[in-house]
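Peer 1: Data: query17.txt, compact mmCIF, C-alpha atoms.
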# COMPACT_ATOMS: atom_id res chain seq x y z
CA MET A 1 -63.73 5.48 53.20
CA PHE A 2 -60.78 5.04 50.81
CA SER A 3 -61.22 2.26 48.27
CA SER A 4 -58.25 0.04 47.49
CA ALA A 5 -56.59 0.13 44.07
CA PRO A 6 -58.48 -2.04 41.55
CA THR A 7 -55.37 -3.76 40.15
CA ARG A 8 -51.99 -4.81 41.53
CA THR A 9 -50.15 -2.71 38.95
CA LEU A 10 -52.09 0.40 39.88
CA LEU A 11 -51.41 -0.26 43.58
CA THR A 12 -47.66 -0.55 42.88
CA ALA A 13 -47.82 2.68 40.86
CA TYR A 14 -49.63 4.42 43.74
CA ILE A 15 -47.03 3.25 46.26
CA ILE A 16 -44.10 4.37 44.07
CA ALA A 17 -45.76 7.72 43.36
CA ALA A 18 -46.50 8.23 47.09
CA LEU A 19 -42.90 7.36 48.01
CA PHE A 20 -41.40 9.72 45.44
CA GLY A 21 -43.95 12.40 46.33
CA SER A 22 -43.14 12.09 50.06
CA PHE A 23 -39.39 12.16 49.58
CA GLY A 24 -39.72 15.09 47.14
CA LEU A 25 -41.88 17.01 49.60
CA LEU A 26 -39.47 16.31 52.46
CA TYR A 27 -36.51 17.42 50.32
CA ILE A 28 -38.25 20.66 49.31
CA LEU A 29 -39.28 21.39 52.91
CA HIS A 30 -35.75 20.68 54.10
CA ARG A 31 -34.28 23.09 51.53
CA VAL A 32 -36.88 25.84 51.78
CA LEU A 33 -37.62 25.97 55.52
CA GLY A 34 -35.13 27.41 57.99
CA PRO A 35 -35.06 26.44 61.69
CA ARG A 36 -37.95 28.85 62.44
CA GLY A 37 -40.03 27.52 59.56
CA ARG A 38 -39.36 23.94 60.61
CA ARG A 39 -40.51 24.69 64.16
CA TRP A 40 -43.62 26.39 62.81
CA LEU A 41 -44.42 23.39 60.60
CA ILE A 42 -43.93 20.94 63.49
CA ALA A 43 -46.12 23.11 65.74
CA MET A 44 -48.86 23.20 63.08
CA VAL A 45 -48.79 19.44 62.42
CA THR A 46 -48.84 18.75 66.18
CA PHE A 47 -51.75 21.12 66.69
CA VAL A 48 -53.82 19.77 63.78
CA GLY A 49 -53.11 16.15 64.84
CA GLY A 50 -54.14 16.83 68.43
CA LEU A 51 -57.20 18.78 67.32
CA PHE A 52 -58.29 15.94 65.03
CA TYR A 53 -58.14 13.24 67.71
CA GLY A 54 -59.60 15.58 70.36
CA LEU A 55 -62.54 16.65 68.18
CA GLU A 56 -63.24 13.07 67.08
CA TRP A 57 -63.36 11.96 70.73
CA TYR A 58 -65.49 14.78 72.11
CA PHE A 59 -67.81 15.58 69.17
CA PRO A 60 -71.32 14.08 69.67
CA VAL A 61 -71.97 10.85 67.74
CA HIS A 62 -75.15 9.78 65.93
CA GLY A 63 -76.58 6.76 64.11
CA HIS A 64 -75.67 3.07 64.00
CA PRO A 65 -72.76 2.51 64.30
CA ALA A 66 -72.43 5.70 66.33
CA LYS A 67 -70.04 8.13 64.66
CA ASN A 68 -69.44 11.80 63.89
CA PHE A 69 -68.09 13.57 60.82
CA LEU A 70 -64.48 12.66 61.72
CA THR A 71 -64.88 8.99 62.70
CA ASP A 72 -64.40 7.72 59.12
CA TYR A 73 -61.00 9.40 58.95
CA ILE A 74 -59.64 7.65 62.05
CA GLU A 75 -58.51 4.54 60.18
CA PRO A 76 -56.65 6.30 57.33
CA VAL A 77 -54.98 8.68 59.79
CA SER A 78 -53.94 5.72 61.98
CA ASN A 79 -52.54 4.00 58.88
CA MET A 80 -50.57 7.14 58.08
CA LEU A 81 -49.13 7.13 61.59
CA ALA A 82 -48.23 3.44 61.24
CA VAL A 83 -46.35 4.21 58.01
CA VAL A 84 -44.41 7.03 59.71
CA ALA A 85 -43.63 4.70 62.65
CA ALA A 86 -42.42 2.04 60.17
CA PHE A 87 -39.96 4.56 58.70
CA THR A 88 -38.55 5.20 62.17
CA VAL A 89 -37.78 1.47 62.55
CA GLY A 90 -35.47 1.93 59.55
CA LEU A 91 -33.94 4.89 61.37
CA GLY A 92 -33.31 2.65 64.41
CA ILE A 93 -31.64 -0.02 62.29
CA TYR A 94 -29.52 2.67 60.63
CA SER A 95 -28.44 3.92 64.07
CA LEU A 96 -27.47 0.39 65.15
CA CYS A 97 -25.52 -0.25 61.94
CA GLN A 98 -23.73 3.09 62.31
CA VAL A 99 -22.60 2.38 65.90
CA HIS A 100 -21.59 -1.25 65.33
CA GLY A 101 -20.15 -0.58 61.86
CA ARG A 102 -17.78 1.98 63.39
CA ASN A 103 -16.75 -0.52 66.08
CA VAL A 104 -15.86 -3.12 63.45
CA ALA A 105 -14.17 -0.69 61.06
CA ARG A 106 -11.95 0.81 63.76
CA GLN A 107 -11.47 -2.53 65.54
CA ARG A 108 -12.40 -1.01 68.89
CA PRO A 109 -12.20 -3.27 71.97
CA GLY A 110 -14.98 -5.86 71.75
CA TRP A 111 -15.44 -5.28 67.99
CA TYR A 112 -16.24 -8.99 67.52
CA ASN A 113 -19.50 -8.42 69.47
CA SER A 114 -20.47 -5.84 66.87
CA LEU A 115 -19.62 -8.35 64.14
CA ALA A 116 -21.86 -10.87 65.89
CA PHE A 117 -24.63 -8.27 65.76
CA PHE A 118 -24.32 -7.98 61.96
CA ILE A 119 -24.27 -11.77 61.50
CA ALA A 120 -27.29 -12.22 63.79
CA MET A 121 -29.23 -9.44 62.09
CA ALA A 122 -28.48 -10.74 58.60
CA ALA A 123 -29.40 -14.32 59.59
CA MET A 124 -32.69 -13.33 61.25
CA PHE A 125 -33.56 -11.00 58.37
CA ALA A 126 -32.86 -13.58 55.66
CA PHE A 127 -34.43 -16.62 57.31
CA GLY A 128 -37.32 -14.60 58.79
CA LEU A 129 -38.35 -13.37 55.34
CA TRP A 130 -37.68 -16.75 53.72
CA GLU A 131 -39.80 -18.53 56.33
CA HIS A 132 -42.58 -15.97 55.92
CA TYR A 133 -42.78 -16.47 52.15
CA LEU A 134 -42.75 -20.29 52.33
CA HIS A 135 -46.53 -20.14 52.99
CA LEU A 136 -46.57 -23.46 54.86
CA PRO A 137 -49.98 -25.16 55.21
CA GLU A 138 -51.75 -25.43 58.60
CA PRO A 139 -51.02 -27.74 60.37
CA ALA A 140 -47.34 -27.65 59.45
CA PRO A 141 -45.94 -30.74 57.68
CA ALA A 142 -44.03 -33.32 59.74
CA VAL A 143 -40.77 -32.59 57.92
CA LEU A 144 -40.16 -28.87 57.77
CA PRO A 145 -38.22 -27.21 54.93
CA TRP A 146 -34.65 -26.32 56.00
CA PRO A 147 -35.12 -22.51 55.98
CA LYS A 148 -38.00 -22.93 58.44
CA VAL A 149 -35.85 -25.26 60.62
CA ILE A 150 -33.02 -22.69 60.73
CA TYR A 151 -35.51 -19.93 61.56
CA GLU A 152 -36.94 -22.04 64.41
CA VAL A 153 -33.43 -22.68 65.76
CA LEU A 154 -32.64 -18.96 65.63
CA PHE A 155 -35.93 -17.77 67.12
CA SER A 156 -37.29 -20.52 69.38
CA GLY A 157 -33.91 -22.12 70.08
CA LEU A 158 -31.82 -19.00 70.75
CA PHE A 159 -33.82 -15.81 71.05
CA VAL A 160 -36.66 -17.06 73.27
CA PRO A 161 -34.39 -18.92 75.77
CA LEU A 162 -32.15 -15.83 75.99
CA GLN A 163 -35.19 -13.74 76.85
CA ALA A 164 -36.32 -16.27 79.46
CA ALA A 165 -32.82 -16.37 80.97
CA THR A 166 -32.79 -12.55 81.26
CA PHE A 167 -36.23 -12.55 82.85
CA SER A 168 -35.15 -15.18 85.36
CA LEU A 169 -32.26 -12.95 86.47
CA LEU A 170 -34.93 -10.75 88.04
CA ALA A 171 -35.37 -13.21 90.92
CA PHE A 172 -31.79 -12.53 92.08
CA TYR A 173 -32.05 -8.80 91.48
CA ILE A 174 -35.28 -8.63 93.50
CA ALA A 175 -33.57 -10.42 96.41
CA SER A 176 -30.60 -8.02 96.44
CA ALA A 177 -32.85 -4.94 96.00
CA ALA A 178 -35.12 -6.15 98.81
CA TYR A 179 -32.13 -6.66 101.12
CA ARG A 180 -31.01 -3.09 100.45
CA ALA A 181 -34.50 -1.64 100.87
CA PHE A 182 -35.34 -3.49 104.07
CA ARG A 183 -32.20 -2.64 106.02
CA ILE A 184 -33.57 -0.69 108.97
CA ARG A 185 -31.71 2.62 108.84
CA SER A 186 -34.57 5.04 109.52
CA ALA A 187 -38.14 5.14 110.83
CA GLU A 188 -39.48 4.99 107.23
CA ALA A 189 -37.35 1.92 106.45
CA ALA A 190 -38.58 0.25 109.64
CA LEU A 191 -42.18 0.97 108.67
CA MET A 192 -41.55 -0.42 105.18
CA MET A 193 -39.94 -3.52 106.66
CA ALA A 194 -42.92 -4.08 108.99
CA ALA A 195 -45.44 -3.65 106.14
CA ALA A 196 -43.44 -5.99 103.87
CA PHE A 197 -43.18 -8.56 106.66
CA ILE A 198 -46.96 -8.57 107.20
CA VAL A 199 -47.83 -8.62 103.47
CA MET A 200 -45.32 -11.35 102.60
CA LEU A 201 -46.35 -13.57 105.49
CA GLY A 202 -50.00 -12.96 104.63
CA GLN A 203 -49.41 -14.35 101.13
CA VAL A 204 -47.87 -17.68 102.18
CA PRO A 205 -49.40 -20.65 104.08
CA ILE A 206 -46.96 -20.28 106.98
CA GLY A 207 -48.49 -16.85 107.73
CA ALA A 208 -51.95 -18.33 108.15
CA TRP A 209 -50.46 -21.15 110.22
CA LEU A 210 -48.63 -18.74 112.56
CA THR A 211 -51.86 -16.95 113.52
CA ASN A 212 -54.12 -19.98 113.23
CA ALA A 213 -54.93 -19.76 116.93
CA ILE A 214 -56.71 -16.41 116.49
CA PRO A 215 -60.47 -17.02 116.07
CA HIS A 216 -62.34 -15.86 112.96
CA THR A 217 -64.45 -13.31 114.89
CA PRO A 218 -64.96 -9.84 113.34
CA VAL A 219 -62.63 -8.05 115.78
CA LEU A 220 -59.95 -10.65 116.59
CA GLY A 221 -60.00 -12.17 113.09
CA PHE A 222 -58.58 -8.89 111.76
CA PHE A 223 -55.25 -9.74 113.41
CA ARG A 224 -54.83 -12.99 111.48
CA LEU A 225 -51.83 -12.43 109.17
CA GLU A 226 -53.70 -13.20 105.94
CA LYS A 227 -56.39 -10.63 106.87
CA LEU A 228 -53.87 -8.06 108.08
CA GLY A 229 -51.80 -8.46 104.89
CA GLU A 230 -54.89 -7.96 102.75
CA TRP A 231 -55.86 -4.91 104.81
CA VAL A 232 -52.43 -3.32 104.28
CA LEU A 233 -52.66 -3.92 100.55
CA ARG A 234 -56.26 -2.84 100.16
CA TRP A 235 -56.57 0.08 102.58
CA LEU A 236 -53.06 1.51 102.73
CA ASN A 237 -51.35 0.60 99.47
CA THR A 238 -54.26 1.04 97.05
CA PRO A 239 -55.22 4.59 98.17
CA ALA A 240 -51.56 5.66 97.97
CA GLN A 241 -51.27 4.25 94.44
CA ARG A 242 -54.54 5.91 93.43
CA GLY A 243 -53.25 9.21 94.80
CA ILE A 244 -50.16 8.89 92.63
CA LEU A 245 -52.33 7.98 89.63
CA PHE A 246 -54.52 11.09 90.14
CA GLY A 247 -51.40 13.24 90.09
CA VAL A 248 -50.04 11.42 87.05
CA ALA A 249 -53.33 11.82 85.16
CA VAL A 250 -53.47 15.58 85.80
CA GLY A 251 -49.75 15.91 85.03
CA ALA A 252 -50.12 13.96 81.77
CA LEU A 253 -53.07 16.16 80.79
CA ALA A 254 -51.07 19.33 81.45
CA MET A 255 -48.07 17.90 79.56
CA SER A 256 -50.31 16.94 76.60
CA LEU A 257 -51.72 20.47 76.48
CA ARG A 258 -48.20 21.94 76.56
CA VAL A 259 -47.05 19.68 73.72
CA TRP A 260 -50.25 20.21 71.72
CA LEU A 261 -49.95 24.00 71.96
CA SER A 262 -46.15 23.86 71.51
CA LEU A 263 -45.58 25.50 74.88
CA GLU A 264 -43.16 22.78 76.03
CA ARG A 265 -39.51 23.74 76.25
CA GLY A 266 -37.21 21.86 73.94
CA THR A 267 -35.77 21.37 70.50
CA PHE A 268 -38.95 21.19 68.50
CA PHE A 269 -41.10 23.48 70.59
CA SER A 270 -39.77 26.82 71.71
CA GLU A 271 -37.43 29.53 70.50
CA GLN A 272 -35.83 29.63 73.95
CA SER A 273 -34.05 26.30 73.62
CA MET B 1 -23.13 11.44 77.68
CA ILE B 2 -24.72 8.39 76.08
CA VAL B 3 -28.45 8.12 75.39
CA GLY B 4 -29.82 4.60 74.83
CA LEU B 5 -33.32 4.44 73.34
CA ARG B 6 -35.91 1.74 73.12
CA ASP B 7 -38.32 3.56 70.79
CA PRO B 8 -36.81 4.55 67.42
CA THR B 9 -39.62 7.11 66.92
CA VAL B 10 -37.98 9.46 69.40
CA LEU B 11 -34.48 9.08 67.95
CA PRO B 12 -34.51 12.33 65.91
CA VAL B 13 -35.93 14.28 68.88
CA ALA B 14 -33.28 12.86 71.23
CA GLU B 15 -30.50 13.59 68.72
CA GLU B 16 -31.60 17.21 68.32
CA SER B 17 -32.09 17.71 72.07
CA VAL B 18 -28.61 16.42 72.90
CA ARG B 19 -27.00 18.45 70.11
CA GLU B 20 -28.73 21.63 71.30
CA ALA B 21 -27.80 20.92 74.92
CA PHE B 22 -24.11 20.70 73.97
CA THR B 23 -24.42 23.90 71.91
CA ALA B 24 -26.23 25.70 74.74
CA VAL B 25 -23.31 25.16 77.12
CA GLY B 26 -20.74 26.03 74.43
CA ARG B 27 -19.31 22.49 74.13
CA SER B 28 -20.50 21.56 70.63
CA GLU B 29 -17.03 20.14 69.80
CA ASP B 30 -17.60 17.43 72.47
CA HIS B 31 -20.84 16.28 70.88
CA ARG B 32 -20.62 12.85 69.25
CA PRO B 33 -23.75 12.00 67.21
CA GLU B 34 -23.25 8.24 67.70
CA ASP B 35 -23.75 8.66 71.46
CA VAL B 36 -27.50 8.91 70.90
CA ARG B 37 -28.34 5.41 69.84
CA PHE B 38 -31.20 3.02 69.41
CA VAL B 39 -30.54 -0.13 71.46
CA SER B 40 -33.51 -2.45 70.78
CA ASP B 41 -37.28 -2.33 70.87
CA ASP B 42 -37.37 -5.72 72.60
CA GLN B 43 -37.68 -5.38 76.39
CA PHE B 44 -34.88 -7.66 77.53
CA ALA B 45 -32.61 -7.08 74.55
CA TYR B 46 -32.83 -3.38 75.45
CA ALA B 47 -32.07 -4.15 79.11
CA LEU B 48 -29.03 -6.28 78.33
CA GLY B 49 -27.78 -3.91 75.61
CA THR B 50 -27.96 -1.00 78.05
CA VAL B 51 -26.33 -2.98 80.87
CA GLY B 52 -23.50 -3.93 78.49
CA LEU B 53 -23.10 -0.28 77.56
CA MET B 54 -23.02 0.73 81.24
CA GLN B 55 -20.38 -1.85 82.05
CA ARG B 56 -18.17 -1.15 79.03
CA GLU B 57 -18.25 2.60 79.48
CA LYS B 58 -18.01 2.38 83.31
CA VAL B 59 -20.69 5.02 83.72
CA ALA B 60 -20.56 7.41 86.67
CA THR B 61 -24.21 8.51 86.60
CA ASN B 62 -27.37 6.94 85.26
CA PHE B 63 -30.60 8.76 84.48
CA PHE B 64 -33.59 6.47 83.94
CA PHE B 65 -36.58 8.45 82.71
CA GLY B 66 -39.69 7.15 80.96
CA GLY B 67 -41.96 4.14 81.08
CA PHE B 68 -40.32 1.01 82.50
CA TYR B 69 -41.46 -2.55 83.14
CA ALA B 70 -39.52 -5.59 84.39
CA GLU B 71 -36.28 -4.29 82.89
CA ALA B 72 -36.18 -1.45 85.45
CA LEU B 73 -34.61 -3.61 88.14
CA ILE B 74 -32.10 -5.21 85.76
CA LEU B 75 -30.87 -1.76 84.75
CA THR B 76 -30.75 -0.17 88.20
CA GLU B 77 -29.24 -3.15 90.03
CA ASN B 78 -26.39 -3.25 87.51
CA GLY B 79 -25.95 0.50 87.97
CA GLN B 80 -25.76 -0.08 91.74
CA ALA B 81 -23.15 -2.80 91.25
CA LEU B 82 -21.07 -0.32 89.23
CA GLY B 83 -21.37 2.25 92.00
CA ALA B 84 -23.00 4.83 89.75
CA LEU B 85 -25.11 7.68 91.07
CA GLN B 86 -28.62 6.92 89.87
CA VAL B 87 -31.58 9.20 89.26
CA ALA B 88 -34.85 7.70 88.06
CA GLY B 89 -38.28 9.02 87.14
CA THR B 90 -41.39 7.27 85.99
CA PRO B 91 -45.11 7.96 86.11
CA ASP B 92 -45.79 4.23 86.45
CA PRO B 93 -46.65 3.38 90.11
CA THR B 94 -45.70 -0.29 89.67
CA GLN B 95 -42.02 0.50 89.00
CA ILE B 96 -41.59 3.27 91.61
CA PRO B 97 -40.82 0.83 94.49
CA PHE B 98 -38.02 -0.80 92.48
CA PHE B 99 -36.48 2.56 91.69
CA ILE B 100 -36.75 3.68 95.33
CA ALA B 101 -34.95 0.51 96.43
CA THR B 102 -32.11 0.87 93.96
CA CYS B 103 -31.67 4.56 93.02
CA ASP B 104 -30.28 7.54 94.90
CA TYR B 105 -32.98 9.96 93.77
CA VAL B 106 -36.43 9.16 92.40
CA VAL B 107 -38.90 11.45 90.67
CA ILE B 108 -42.30 10.08 91.63
CA GLY B 109 -45.64 10.24 89.81
CA ASP B 110 -46.60 13.70 88.56
CA GLU B 111 -43.21 15.13 89.56
CA TYR B 112 -42.10 13.46 86.33
CA TYR B 113 -44.13 15.97 84.33
CA ALA B 114 -43.03 18.89 86.52
CA ALA B 115 -39.27 18.27 86.21
CA THR B 116 -38.74 20.65 83.25
CA ALA B 117 -40.58 23.48 85.01
CA TYR B 118 -38.65 22.86 88.23
CA LEU B 119 -35.29 22.94 86.48
CA THR B 120 -35.91 25.82 84.04
CA ARG B 121 -38.29 28.02 86.10
CA GLU B 122 -39.87 29.22 82.87
CA PRO B 123 -43.07 31.19 83.57
CA THR B 124 -45.19 29.24 81.02
CA LEU B 125 -44.21 25.91 82.49
CA THR B 126 -44.46 27.06 86.09
CA GLY B 127 -47.92 28.44 85.33
CA SER B 128 -48.90 25.04 83.99
CA LEU B 129 -47.79 23.52 87.32
CA VAL B 130 -50.02 25.95 89.21
CA GLY B 131 -52.85 24.84 86.89
CA GLN B 132 -52.09 21.20 87.74
CA ASP B 133 -52.21 21.92 91.46
CA VAL B 134 -55.50 23.81 91.15
CA SER B 135 -56.94 20.92 89.09
CA LYS B 136 -55.85 18.45 91.76
CA ALA B 137 -57.47 20.59 94.45
CA ILE B 138 -60.72 20.64 92.42
CA ILE B 139 -60.57 16.83 91.97
CA VAL B 140 -60.01 16.32 95.69
CA GLY B 141 -62.93 18.69 96.39
CA LEU B 142 -65.16 16.69 94.02
CA ILE B 143 -64.13 13.42 95.69
CA VAL B 144 -64.97 14.81 99.14
CA LEU B 145 -68.27 16.17 97.77
CA GLY B 146 -69.07 12.76 96.23
CA ILE B 147 -68.28 10.94 99.47
CA GLY B 148 -70.43 13.41 101.39
CA LEU B 149 -73.39 13.10 99.01
CA ALA B 150 -73.20 9.30 98.92
CA THR B 151 -73.03 9.19 102.73
CA VAL B 152 -75.89 11.62 103.34
CA LEU B 153 -78.24 10.64 100.50
CA GLY B 154 -77.64 6.88 100.63
CA GLY B 155 -80.27 4.94 98.63
CA ALA B 156 -81.80 8.06 97.13
CA ALA B 157 -78.47 8.87 95.52
CA THR B 158 -79.43 7.34 92.18
CA HIS B 159 -81.79 10.29 91.60
CA ASN B 160 -79.19 12.87 92.43
CA PHE B 161 -77.86 14.58 89.31
CA LEU B 162 -74.56 15.64 90.88
CA LEU B 163 -73.80 12.22 92.32
CA ASN B 164 -74.62 10.52 89.00
CA LEU B 165 -72.28 12.93 87.28
CA LEU B 166 -69.50 12.19 89.75
CA ALA B 167 -70.01 8.43 89.75
CA GLN B 168 -70.70 7.76 86.07
CA GLY B 169 -69.54 10.87 84.26
CA ARG B 170 -73.01 11.64 82.82
In structure tokens, how does this file's structure come out?
Peer 2:
Amino acid sequence: MFSSAPTRTLLTAYIIAALFGSFGLLYILHRVLGPRGRRWLIAMVTFVGGLFYGLEWYFPVHGHPAKNFLTDYIEPVSNMLAVVAAFTVGLGIYSLCQVHGRNVARQRPGWYNSLAFFIAMAAMFAFGLWEHYLHLPEPAPAVLPWPKVIYEVLFSGLFVPLQAATFSLLAFYIASAAYRAFRIRSAEAALMMAAAFIVMLGQVPIGAWLTNAIPHTPVLGFFRLEKLGEWVLRWLNTPAQRGILFGVAVGALAMSLRVWLSLERGTFFSEQS
Amino acid sequence: MIVGLRDPTVLPVAEESVREAFTAVGRSEDHRPEDVRFVSDDQFAYALGTVGLMQREKVATNFFFGGFYAEALILTENGQALGALQVAGTPDPTQIPFFIATCDYVVIGDEYYAATAYLTREPTLTGSLVGQDVSKAIIVGLIVLGIGLATVLGGAATHNFLLNLLAQGR
């Protein structure tokens, strides 16, 4: 519904004007509004935002493509939200720099780790942008330019293997957590152990082999470990999970209503906090 | 108290909440703004950053609240190794078993959304909990009604307005 700026210069002017306008507005609001006013503003923005998305979802749609009087505004509003979210990334980086900067400046124990953070961030930032603006053709040439090679070493050679190594640690953590969970200390733990035993054996070939002697008849076949394991998962586990999900859905709805109407307790919601 | 965040969007809210909590108990001089910090928005970088923080600071208690994925076990197992008291809460059913295996107390499912009301006993929030319970009772009633109608009406159920409404939402 919004047309893009006809020229690059005009687009740049729009962006600069919007930035200055936004910062100016924020500054004025910060100076003019007290804590009560700020809460009122947040409550209003929350309410209008919730009302917009709620109305757009529930209002009847017509025509092809089916839409109502608010549908056209969904994209610009989503873009606005994306811009706000992008600003918060800057806030996150600022928080990181503040914490690690203090560690380096005061030479706290392990300060060299914080220094490594700054070096890593600067390297990824520089070579990430450089690589992005190289505009390499597809498929990539056989000999890559050196900034791209360094970026690949940093990302595919360091970052990705570190992630994979962390993920692989889970195998050991699962084993130790399972040992702790399956120690039979109470009736519930014994029940959990029995269920886990059946389900785990039902998933592996040895389970089927152990009960291979049981015929595939409707009644006796139920006691084959692969069938029993499936039954535990499908008829005991799934209903329990669905029960939890029902509760979560209703709870999330109630929480959304409390936040939307600013009834939630907390910093930005009530006077009681 | 140290708060490690994965989503920078909630950083200002967390900062304000922690500041007000310190003020509310009359200990504003103990509040250190840098203790509310963004760790990383990458799953495993966040997990390792938080584990490092836990080990360096030798934490006594861990509170894990929010949406968790595979990093849940990395965090809680390291907390266990440190001997910290651990309290976790998540509405995600897939992570609840991991928390139960590794934490001392776990807030399960919709209890997650009821925690504030339970702790503060504020009438507005408690009333909302009553509303949740009534809604759940209505949903259970509708499920039982749907099962009954489907069982009794069988093949003719496709012409039943109520059953169509329950099954397809229209």
Peer 1: Give the answer as one residue: which of A:Leu210, A:Ile198, A:Leu225, A:Leu81 has the shortest atom-to-atom distance to chain B, using only C-alpha atoms?
Peer 2: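 Checking each of A:Leu210, A:Ile198, A:Leu225, A:Leu81 against chain B, counting only C-alpha atoms, the winner is A:Leu81.
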Peer 1: Residues of chain B were defined as contacting chain A if any atom lay at most 7 Å from it, counting all atoms listed in the file; please report them as a list in words.
Peer 2: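 Close to chain A, chain B has Pro8, Thr9, Glu16, Ser17, Glu34, Arg37, Phe38, Phe44, Leu73, Ile74, Glu77, Pro91, Pro93, Ala101, Thr102, Gly109, Asp110, Tyr113, Ser128 and Gln132 of chain B.
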Peer 1: May I have the residues from that selection written out with C-alpha atoms, as a PDB file, in the frame of the given file?
Peer 2:
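As written to disk, selection_20.pdb reads:
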ATOM      1  CA  PRO B   8     -36.810   4.550  67.420  1.00  0.00           C
ATOM      2  CA  THR B   9     -39.620   7.110  66.920  1.00  0.00           C
ATOM      3  CA  GLU B  16     -31.600  17.210  68.320  1.00  0.00           C
ATOM      4  CA  SER B  17     -32.090  17.710  72.070  1.00  0.00           C
ATOM      5  CA  GLU B  34     -23.250   8.240  67.700  1.00  0.00           C
ATOM      6  CA  ARG B  37     -28.340   5.410  69.840  1.00  0.00           C
ATOM      7  CA  PHE B  38     -31.200   3.020  69.410  1.00  0.00           C
ATOM      8  CA  PHE B  44     -34.880  -7.660  77.530  1.00  0.00           C
ATOM      9  CA  LEU B  73     -34.610  -3.610  88.140  1.00  0.00           C
ATOM     10  CA  ILE B  74     -32.100  -5.210  85.760  1.00  0.00           C
ATOM     11  CA  GLU B  77     -29.240  -3.150  90.030  1.00  0.00           C
ATOM     12  CA  PRO B  91     -45.110   7.960  86.110  1.00  0.00           C
ATOM     13  CA  PRO B  93     -46.650   3.380  90.110  1.00  0.00           C
ATOM     14  CA  ALA B 101     -34.950   0.510  96.430  1.00  0.00           C
ATOM     15  CA  THR B 102     -32.110   0.870  93.960  1.00  0.00           C
ATOM     16  CA  GLY B 109     -45.640  10.240  89.810  1.00  0.00           C
ATOM     17  CA  ASP B 110     -46.600  13.700  88.560  1.00  0.00           C
ATOM     18  CA  TYR B 113     -44.130  15.970  84.330  1.00  0.00           C
ATOM     19  CA  SER B 128     -48.900  25.040  83.990  1.00  0.00           C
ATOM     20  CA  GLN B 132     -52.090  21.200  87.740  1.00  0.00           C
TER      21      GLN B 132
END
Peer 1: To one decimal in Å, tell me the separation between atom CA of B:Phe65 and atom CA of B:Thr90.
Peer 2: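 Value for the atom CA of B:Phe65-atom CA of B:Thr90 distance: 5.9 Å.
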Peer 1: What does the distance between atom CA of A:Phe222 and atom CA of B:Ile147 come to in Å, to one decimal place?
Peer 2: 25.3 Å
Peer 1: Point out the residue among A:Pro147, A:Met192, A:Phe197, A:His64 with the least atom-to-atom distance to B:Pro97, counting only C-alpha atoms.
Peer 2: A:Met192
Peer 1: Rounded to one decimal, what separation in Å do you get between atom CA of B:Gly83 and atom CA of B:Val107?
Peer 2: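 Answer for the atom CA of B:Gly83 to atom CA of B:Val107 separation: 19.8 Å.
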Peer 1: Just want the 12 Å neighbourhood of B:Leu75, counted on all atoms listed in the file, with same-chain residues fewer than 6 positions away dropped. Output as a ChimeraX atom specification.
Peer 2: /A:166,169-170,173-174,177 /B:4,43-55,62-65,68-69,81-82,84,86-88,98-99,102-103
Peer 1: Dump as a PDB file with C-alpha atoms, keeping the file's coordinate frame all residues having an atom at most 10 Å from (-40.6, 9.5, 75.8), computed in the file's coordinates with only C-alpha atoms.
Peer 2:
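As written to disk, part.pdb reads:
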ATOM      1  CA  LEU B   5     -33.320   4.440  73.340  1.00  0.00           C
ATOM      2  CA  ARG B   6     -35.910   1.740  73.120  1.00  0.00           C
ATOM      3  CA  ASP B   7     -38.320   3.560  70.790  1.00  0.00           C
ATOM      4  CA  THR B   9     -39.620   7.110  66.920  1.00  0.00           C
ATOM      5  CA  VAL B  10     -37.980   9.460  69.400  1.00  0.00           C
ATOM      6  CA  LEU B  11     -34.480   9.080  67.950  1.00  0.00           C
ATOM      7  CA  VAL B  13     -35.930  14.280  68.880  1.00  0.00           C
ATOM      8  CA  ALA B  14     -33.280  12.860  71.230  1.00  0.00           C
ATOM      9  CA  PHE B  65     -36.580   8.450  82.710  1.00  0.00           C
ATOM     10  CA  GLY B  66     -39.690   7.150  80.960  1.00  0.00           C
ATOM     11  CA  GLY B  67     -41.960   4.140  81.080  1.00  0.00           C
TER      12      GLY B  67
END
Peer 1: Residues near stretch 125-136 of chain A, anyone? I mean within 8 Å using all atoms listed in the file, not counting same-chain ones fewer than 6 positions away, as a list in words.
Peer 2: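 Residues near the query, excluding close chain neighbours: Pro147, Lys148, Ile150 and Tyr151 of chain A.
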Peer 1: Here is a test: counting only C-alpha atoms, which residue of B:Asp133, B:Asp92, B:Glu15, B:Asp41 is nearest to B:Val3?
Peer 2: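 So, comparing all the options, the nearest one is B:Glu15.
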Peer 1: For a quick check of understanding, using all atoms listed in the file, which of A:Asn79, A:Val232, A:Pro65, A:Trp209 has the smallest distance to A:Ala194?
Peer 2: A:Val232
